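Notes follow once the structure below has been shown.
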Amino acid sequence: MKVLVINAGSSSLKYQLIDMENEHVLAKGLAERIGIEGSQVSYEADGKEEIVVKEKLEDHGDALNIIIKELLDPEVGVIDKIEEIDAVGHRTVHGGEEFTESVKIDDKVIQKMEEYSDLAPLHNPANLMGIRAMQELLPDVPEVAVFDTAFHSTMPDYAYIYSIPYEFYKDYDIRKYGFHGTSHKFVALEAAKMMGKPIDELKIITCHLGNGSSIAAIENGKSIDTSMGFSPLAGLVMGTRSGDIDPSIIFYLNSKGYSMQQLNNILNNKSGALGISGVSSDFRDIEKAANEGNERAILTLRKFCYRIRTMIGAYVAAMDGVDCIVFTGGIGENSFLDRAQICRKLSFFGVKLDRYRNREETGTRFISTDESKVKVMVIKTNEELMIARETIEHIND
Ligand code: ADP
């Protein structure tokens, strides 16, 4: 069975064709600058060199046309006929309260996703463009929507309700939804395998640290709390997003002449690690600057790690314990310095990092000592594979 995984953004589209017999990626790539000057599609078949097709892409349909042409190409292609694609799995961002798990796409699902576009104006309309284009190209192939929010739908009401008038929840759907659910679920399942225990007997804290970052508390296989909220702006210090701040700052800055639109842009694109450091939103640049003695870069890393550590402490309290802590995402998987700084003051809970495993080894592995009461691991996330697995699971809904 072969599943095509699509992650459509407003001007980009990432894709992978995965053979689910052995979960092997047959081909993958990225269409960029859709609808903009200089558009192109990259395509890399397993074991072959990447090729780049520079062509005008008016819309997502144009991009998918090229992708399918390459998949079928006699030289670099990986399938002989289009019917070999058994299903399409779409990364979709906001499923609101309706979609508590992945779902086979039909007109009703599309309509509901359109309704939720208000809640995720940057993401849902783009996801829908990918879905519609695919439906036109391959009308007979079943498609499944895999929502970023779905895994967190198990949060209890006292975790997701905000302490503002209850009517706002009822009238405008304002509550915590959480995001990155596909990644948190994938690494939690992997963590359970590594622990050699069923996931429903474990308390796991997963830290997805990338350009966007979030933490989840996963008790007995269910997300019971997470750091992102109504939107992906909430929670941790991110590349350019502020994470949690006192909401009064917004009114105060508004009174100083910043418009709501400017503040929206500042909090989403000019804050977080970029805002504090003034160096970059990229943690490699910030670590380099910190090593060279840049005070604001040092402060950024301290703040980033401090926020994560205190959030871990909160989630230990939420679950009345923790069996393992997982690091994933570009920073979580690669930055031994940040992992060390985060775990340094978790010794009270029984966390003991193994310096060698943390610094010298790479890839998915334990980084705590054998004696450490709470296990710590690095797990390489694989959202595409998780989407493909979910697609197969829900293809017959
Ligand atoms: P996204 O959230 O866009 O998927 P990633 O998960 O790829 O992003 O994470 C990107 C972040 O990971 C960047 O800030 C990058 O600097 C950081 N990163 C990647 N490799 C390293 C490394 N070796 N050390 C520190 N940070 C790293």
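Here, A, B, ... name the chains of the structure tokens in the order displayed, residue numbers run from 1 inside each chain, and ligands are numbered from 1 in the same displayed order.
The list of residues with at least one atom within 10 Å of Tyr172 of chain A, based on only C-alpha atoms and without residues fewer than 4 positions apart in the same chain, reads Asp118, Leu119, Glu167 and Phe168 of chain A.
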For the residues selected in the previous step, produce a file with C-alpha atoms as a PDB file, in the first residue's frame.
```
ATOM      1  CA  ASP A 118     -11.474  31.615  11.207  1.00  0.00           C
ATOM      2  CA  LEU A 119      -9.511  29.905  13.970  1.00  0.00           C
ATOM      3  CA  GLU A 167     -19.634  32.893  26.920  1.00  0.00           C
ATOM      4  CA  PHE A 168     -16.511  33.401  24.833  1.00  0.00           C
TER       5      PHE A 168
END
```
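Once only C-alpha atoms and all ligand atoms are used for the distance check, the residues close to ligand 1 at 6 Å turn out to be Gly210, Asn211, Gly212, Asp282, Phe283, Arg284, Gly329, Gly330, Ile331, Asn334 and Ser335 of chain A.
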inquiry  = Residues within 10 Å of Glu201 of chain A, please, as number ranges by chain. Count only C-alpha atoms; anything in the same chain fewer than 2 positions from it doesn't count.
reply    = A: 192, 197-199, 203-204, 219-221, 323
With C-alpha atoms retained, could you export that selection as a compact mmCIF listing (two decimals), in the first residue's frame?
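Below is the file part18.txt, written as the result:
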```
# COMPACT_ATOMS: atom_id res chain seq x y z
CA ALA A 192 6.66 3.70 24.92
CA LYS A 197 5.79 -0.71 28.22
CA PRO A 198 2.31 -0.09 26.82
CA ILE A 199 1.71 3.63 26.33
CA LYS A 203 3.42 9.30 32.07
CA ILE A 204 5.35 11.03 29.29
CA GLU A 219 -0.83 10.35 30.63
CA ASN A 220 -1.76 6.79 29.71
CA GLY A 221 -1.46 7.65 26.00
CA ASP A 323 8.31 8.22 33.64
```
message = When DSSP is applied to the backbone of this structure, which of segment 207-254 of chain A are assigned alpha helix (DSSP H)? Write them out as a PyMOL selection string.
response = chain A and resi 248-254
Would you save the residues of that selection, restricted to N, CA and C atoms, as a compact mmCIF listing (two decimals), in the first residue's frame?
```
# COMPACT_ATOMS: atom_id res chain seq x y z
N SER A 248 -1.63 42.29 29.31
CA SER A 248 -1.67 43.75 29.51
C SER A 248 -0.62 44.47 28.68
N ILE A 249 0.46 43.75 28.34
CA ILE A 249 1.53 44.37 27.54
C ILE A 249 0.94 44.85 26.20
N ILE A 250 -0.01 44.09 25.69
CA ILE A 250 -0.60 44.45 24.39
C ILE A 250 -1.37 45.77 24.51
N PHE A 251 -2.18 45.90 25.57
CA PHE A 251 -2.95 47.16 25.74
C PHE A 251 -2.01 48.33 26.00
N TYR A 252 -0.97 48.06 26.77
CA TYR A 252 -0.02 49.13 27.11
C TYR A 252 0.69 49.63 25.84
N LEU A 253 1.15 48.69 25.01
CA LEU A 253 1.84 49.08 23.77
C LEU A 253 0.85 49.75 22.81
N ASN A 254 -0.39 49.29 22.83
CA ASN A 254 -1.42 49.91 22.00
C ASN A 254 -1.59 51.38 22.40
```
Can you tell me, as a PDB file with N, CA and C atoms, in the first residue's frame, what residues are no more than 12 Å from Leu30 of chain A when counting only C-alpha atoms, ignoring any on the same chain fewer than 4 positions away?
```pdb
ATOM      1  N   VAL A   5       1.738  11.638   1.151  1.00  0.00           N
ATOM      2  CA  VAL A   5       1.501  12.562   2.261  1.00  0.00           C
ATOM      3  C   VAL A   5       1.736  13.986   1.770  1.00  0.00           C
ATOM      4  N   ILE A   6       0.761  14.844   2.022  1.00  0.00           N
ATOM      5  CA  ILE A   6       0.817  16.222   1.531  1.00  0.00           C
ATOM      6  C   ILE A   6       0.738  17.195   2.706  1.00  0.00           C
ATOM      7  N   ASN A   7       1.656  18.149   2.718  1.00  0.00           N
ATOM      8  CA  ASN A   7       1.596  19.219   3.712  1.00  0.00           C
ATOM      9  C   ASN A   7       1.566  20.544   2.950  1.00  0.00           C
ATOM     10  N   ALA A   8       0.355  21.070   2.745  1.00  0.00           N
ATOM     11  CA  ALA A   8       0.204  22.263   1.916  1.00  0.00           C
ATOM     12  C   ALA A   8       0.184  23.534   2.759  1.00  0.00           C
ATOM     13  N   GLY A   9       1.110  24.444   2.453  1.00  0.00           N
ATOM     14  CA  GLY A   9       1.090  25.791   3.035  1.00  0.00           C
ATOM     15  C   GLY A   9       0.528  26.742   1.994  1.00  0.00           C
ATOM     16  N   SER A  11       1.978  29.032   0.111  1.00  0.00           N
ATOM     17  CA  SER A  11       2.737  29.105  -1.140  1.00  0.00           C
ATOM     18  C   SER A  11       3.706  27.938  -1.294  1.00  0.00           C
ATOM     19  N   SER A  12       3.549  26.919  -0.477  1.00  0.00           N
ATOM     20  CA  SER A  12       4.457  25.767  -0.562  1.00  0.00           C
ATOM     21  C   SER A  12       3.673  24.473  -0.405  1.00  0.00           C
ATOM     22  N   LEU A  13       4.311  23.384  -0.788  1.00  0.00           N
ATOM     23  CA  LEU A  13       3.655  22.075  -0.626  1.00  0.00           C
ATOM     24  C   LEU A  13       4.755  21.014  -0.476  1.00  0.00           C
ATOM     25  N   LYS A  14       4.801  20.422   0.721  1.00  0.00           N
ATOM     26  CA  LYS A  14       5.781  19.341   0.953  1.00  0.00           C
ATOM     27  C   LYS A  14       5.084  18.019   0.689  1.00  0.00           C
ATOM     28  N   TYR A  15       5.820  17.047   0.185  1.00  0.00           N
ATOM     29  CA  TYR A  15       5.176  15.758  -0.090  1.00  0.00           C
ATOM     30  C   TYR A  15       6.151  14.597   0.125  1.00  0.00           C
ATOM     31  N   GLN A  16       5.576  13.443   0.396  1.00  0.00           N
ATOM     32  CA  GLN A  16       6.350  12.190   0.487  1.00  0.00           C
ATOM     33  C   GLN A  16       5.450  11.074  -0.004  1.00  0.00           C
ATOM     34  N   ILE A  34       4.613  28.909  -4.788  1.00  0.00           N
ATOM     35  CA  ILE A  34       3.419  28.696  -5.615  1.00  0.00           C
ATOM     36  C   ILE A  34       2.676  30.032  -5.755  1.00  0.00           C
ATOM     37  N   SER A  39       8.882  30.113  -9.054  1.00  0.00           N
ATOM     38  CA  SER A  39       8.403  28.881  -8.402  1.00  0.00           C
ATOM     39  C   SER A  39       9.159  27.653  -8.917  1.00  0.00           C
ATOM     40  N   GLN A  40       9.217  26.624  -8.100  1.00  0.00           N
ATOM     41  CA  GLN A  40       9.924  25.404  -8.478  1.00  0.00           C
ATOM     42  C   GLN A  40       9.462  24.212  -7.642  1.00  0.00           C
ATOM     43  N   VAL A  41       9.739  23.016  -8.179  1.00  0.00           N
ATOM     44  CA  VAL A  41       9.422  21.782  -7.441  1.00  0.00           C
ATOM     45  C   VAL A  41      10.699  20.960  -7.330  1.00  0.00           C
ATOM     46  N   SER A  42      11.046  20.563  -6.113  1.00  0.00           N
ATOM     47  CA  SER A  42      12.167  19.634  -5.973  1.00  0.00           C
ATOM     48  C   SER A  42      11.599  18.220  -5.838  1.00  0.00           C
ATOM     49  N   TYR A  43      12.364  17.250  -6.329  1.00  0.00           N
ATOM     50  CA  TYR A  43      11.899  15.859  -6.326  1.00  0.00           C
ATOM     51  C   TYR A  43      13.102  14.957  -6.082  1.00  0.00           C
ATOM     52  N   GLU A  44      12.991  14.083  -5.104  1.00  0.00           N
ATOM     53  CA  GLU A  44      14.112  13.186  -4.806  1.00  0.00           C
ATOM     54  C   GLU A  44      13.583  11.771  -4.634  1.00  0.00           C
ATOM     55  N   GLU A  50      18.668  14.560  -6.141  1.00  0.00           N
ATOM     56  CA  GLU A  50      17.510  15.466  -6.192  1.00  0.00           C
ATOM     57  C   GLU A  50      17.475  16.206  -7.535  1.00  0.00           C
ATOM     58  N   ILE A  51      16.286  16.336  -8.084  1.00  0.00           N
ATOM     59  CA  ILE A  51      16.174  17.171  -9.279  1.00  0.00           C
ATOM     60  C   ILE A  51      15.244  18.341  -8.968  1.00  0.00           C
ATOM     61  N   VAL A  52      15.459  19.450  -9.673  1.00  0.00           N
ATOM     62  CA  VAL A  52      14.629  20.624  -9.434  1.00  0.00           C
ATOM     63  C   VAL A  52      13.984  21.042 -10.746  1.00  0.00           C
ATOM     64  N   VAL A  53      12.652  21.108 -10.740  1.00  0.00           N
ATOM     65  CA  VAL A  53      11.914  21.520 -11.933  1.00  0.00           C
ATOM     66  C   VAL A  53      11.499  22.972 -11.732  1.00  0.00           C
ATOM     67  N   LYS A  54      12.071  23.852 -12.559  1.00  0.00           N
ATOM     68  CA  LYS A  54      11.712  25.275 -12.425  1.00  0.00           C
ATOM     69  C   LYS A  54      10.622  25.581 -13.443  1.00  0.00           C
ATOM     70  N   HIS A  60      -1.744  25.225  -6.400  1.00  0.00           N
ATOM     71  CA  HIS A  60      -1.325  23.932  -5.852  1.00  0.00           C
ATOM     72  C   HIS A  60      -1.541  22.802  -6.856  1.00  0.00           C
ATOM     73  N   ALA A  63       1.437  22.437  -9.063  1.00  0.00           N
ATOM     74  CA  ALA A  63       2.539  21.790  -8.335  1.00  0.00           C
ATOM     75  C   ALA A  63       2.307  20.276  -8.284  1.00  0.00           C
ATOM     76  N   LEU A  64       1.084  19.875  -7.943  1.00  0.00           N
ATOM     77  CA  LEU A  64       0.786  18.438  -7.821  1.00  0.00           C
ATOM     78  C   LEU A  64       0.891  17.727  -9.172  1.00  0.00           C
ATOM     79  N   ILE A  66       3.029  18.392 -11.530  1.00  0.00           N
ATOM     80  CA  ILE A  66       4.461  18.122 -11.762  1.00  0.00           C
ATOM     81  C   ILE A  66       4.927  16.965 -10.868  1.00  0.00           C
ATOM     82  N   ILE A  67       4.493  16.986  -9.617  1.00  0.00           N
ATOM     83  CA  ILE A  67       4.912  15.933  -8.683  1.00  0.00           C
ATOM     84  C   ILE A  67       4.481  14.560  -9.218  1.00  0.00           C
TER      85      ILE A  67
END
```
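Compared by their closest atoms to Cys207 of chain A, and using only C-alpha atoms, the residues A:Phe304, A:Phe348, A:Phe327, A:Tyr177 rank with A:Phe327 nearest.
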ask   = Any idea what the distance is between atom CA of Ala87 of chain A and atom CA of Pro142 of chain A?
value = 5.2 Å
Shell around segment 215-217 of chain A at 8 Å using only C-alpha atoms, local window under 3 positions removed, as a PyMOL selection string = chain A and resi 184+203-208+223-228+308+311-312+315+318-319
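Using only C-alpha atoms, the nearest neighbour of Lys185 of chain A within the list A:Val103, A:Ile218, A:Ile266, A:Val3 is A:Ile218.
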task = Determine, counting only C-alpha atoms, which protein, DNA and RNA residues have an atom within 12 Å of an atom of segment 363-379 of chain A; residues of the same chain fewer than 4 positions away are not included. Present the result as JSON, numbers by chain.
result = {"A": [183, 184, 185, 186, 187, 188, 189, 190, 191, 192, 193, 194, 195, 202, 203, 204, 205, 206, 207, 208, 209, 316, 321, 322, 323, 324, 325, 326, 327, 328, 329, 330, 331, 332, 333, 334, 335, 336, 339, 340, 342, 343, 344, 346, 347, 348, 349, 350, 351, 352, 353, 354, 355, 356, 357, 358, 359]}
Mind dumping the selected residues with C-alpha atoms as a tab-separated table (two decimals), in the first residue's frame?
```tsv
chain	number	residue	atom	x	y	z
A	183	SER	CA	4.60	14.92	16.36
A	184	HIS	CA	3.74	14.57	20.06
A	185	LYS	CA	1.79	11.39	19.31
A	186	PHE	CA	4.55	9.91	17.15
A	187	VAL	CA	7.32	10.43	19.68
A	188	ALA	CA	5.16	9.32	22.61
A	189	LEU	CA	4.45	6.02	20.83
A	190	GLU	CA	8.16	5.61	20.07
A	191	ALA	CA	9.01	6.43	23.69
A	192	ALA	CA	6.66	3.70	24.92
A	193	LYS	CA	8.43	1.20	22.62
A	194	MET	CA	11.80	2.28	24.01
A	195	MET	CA	10.49	1.97	27.57
A	202	LEU	CA	3.15	5.63	31.14
A	203	LYS	CA	3.42	9.30	32.07
A	204	ILE	CA	5.35	11.03	29.29
A	205	ILE	CA	6.39	14.64	28.74
A	206	THR	CA	7.22	15.38	25.10
A	207	CYS	CA	9.17	18.53	24.19
A	208	HIS	CA	8.90	19.40	20.49
A	209	LEU	CA	11.49	22.18	20.08
A	316	VAL	CA	5.00	16.61	36.47
A	321	GLY	CA	4.80	12.08	38.24
A	322	VAL	CA	6.66	11.35	35.04
A	323	ASP	CA	8.31	8.22	33.64
A	324	CYS	CA	10.14	9.76	30.71
A	325	ILE	CA	10.90	13.08	29.05
A	326	VAL	CA	11.35	13.20	25.28
A	327	PHE	CA	13.23	15.81	23.24
A	328	THR	CA	12.40	16.18	19.56
A	329	GLY	CA	12.33	18.81	16.75
A	330	GLY	CA	15.35	20.59	15.26
A	331	ILE	CA	16.55	21.99	18.61
A	332	GLY	CA	15.39	19.09	20.77
A	333	GLU	CA	17.14	16.55	18.56
A	334	ASN	CA	20.36	18.49	18.04
A	335	SER	CA	21.20	20.89	20.83
A	336	PHE	CA	22.96	19.02	23.64
A	339	ARG	CA	19.02	19.70	26.75
A	340	ALA	CA	21.70	19.88	29.44
A	342	ILE	CA	16.90	22.21	30.74
A	343	CYS	CA	17.63	19.02	32.69
A	344	ARG	CA	20.22	20.50	35.05
A	346	LEU	CA	15.30	18.58	37.29
A	347	SER	CA	17.37	16.42	39.62
A	348	PHE	CA	14.74	16.75	42.37
A	349	PHE	CA	12.38	14.74	40.15
A	350	GLY	CA	15.02	12.07	39.59
A	351	VAL	CA	16.42	13.17	36.24
A	352	LYS	CA	20.09	12.39	35.65
A	353	LEU	CA	21.57	13.02	32.21
A	354	ASP	CA	24.42	10.91	30.90
A	355	ARG	CA	26.93	13.47	29.60
A	356	TYR	CA	28.37	11.18	26.94
A	357	ARG	CA	25.02	9.98	25.60
A	358	ASN	CA	23.75	13.55	25.51
A	359	ARG	CA	26.79	15.16	23.85
```
query = segment 195-298 of chain A: which residues are strand (DSSP E or B) by DSSP, as JSON, numbers by chain?
reply = {"A": [203, 204, 205, 206, 207, 208, 209, 213, 214, 215, 216, 217, 218, 219, 222, 223, 224, 225, 226]}
How would the residues just chosen look if you wrote them out with C-alpha atoms as a short mmCIF file (atom, residue, chain, number, x, y, z; two decimals), in the first residue's frame?
```
data_model
loop_
_atom_site.label_atom_id
_atom_site.label_comp_id
_atom_site.auth_asym_id
_atom_site.auth_seq_id
_atom_site.Cartn_x
_atom_site.Cartn_y
_atom_site.Cartn_z
CA LYS A 203 3.42 9.30 32.07
CA ILE A 204 5.35 11.03 29.29
CA ILE A 205 6.39 14.64 28.74
CA THR A 206 7.22 15.38 25.10
CA CYS A 207 9.17 18.53 24.19
CA HIS A 208 8.90 19.40 20.49
CA LEU A 209 11.49 22.18 20.08
CA SER A 213 7.93 24.76 20.08
CA SER A 214 5.47 23.06 22.39
CA ILE A 215 5.38 20.61 25.29
CA ALA A 216 2.73 18.03 26.02
CA ALA A 217 1.83 16.03 29.12
CA ILE A 218 0.73 12.57 27.98
CA GLU A 219 -0.83 10.35 30.63
CA LYS A 222 -3.69 10.72 26.19
CA SER A 223 -2.63 14.34 25.95
CA ILE A 224 -3.86 16.00 29.14
CA ASP A 225 -2.20 19.38 28.66
CA THR A 226 0.00 21.21 26.21
#
```
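Distances to Thr154 of chain A were evaluated for A:Pro139, A:Gly61, A:Gly181, A:Ser10 using only C-alpha atoms, and the minimum falls at A:Gly181.
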inquiry  = As an exercise, work out the distance from atom CA of Ala126 of chain A to atom CA of Ala150 of chain A in Å and give it to one decimal place.
reply    = 18.2 Å
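Minimum atom-to-atom distances from A:Leu128, A:Leu299, A:Leu57, A:Ala388 to Glu32 of chain A were compared using only C-alpha atoms, and the lowest value belongs to A:Leu57.
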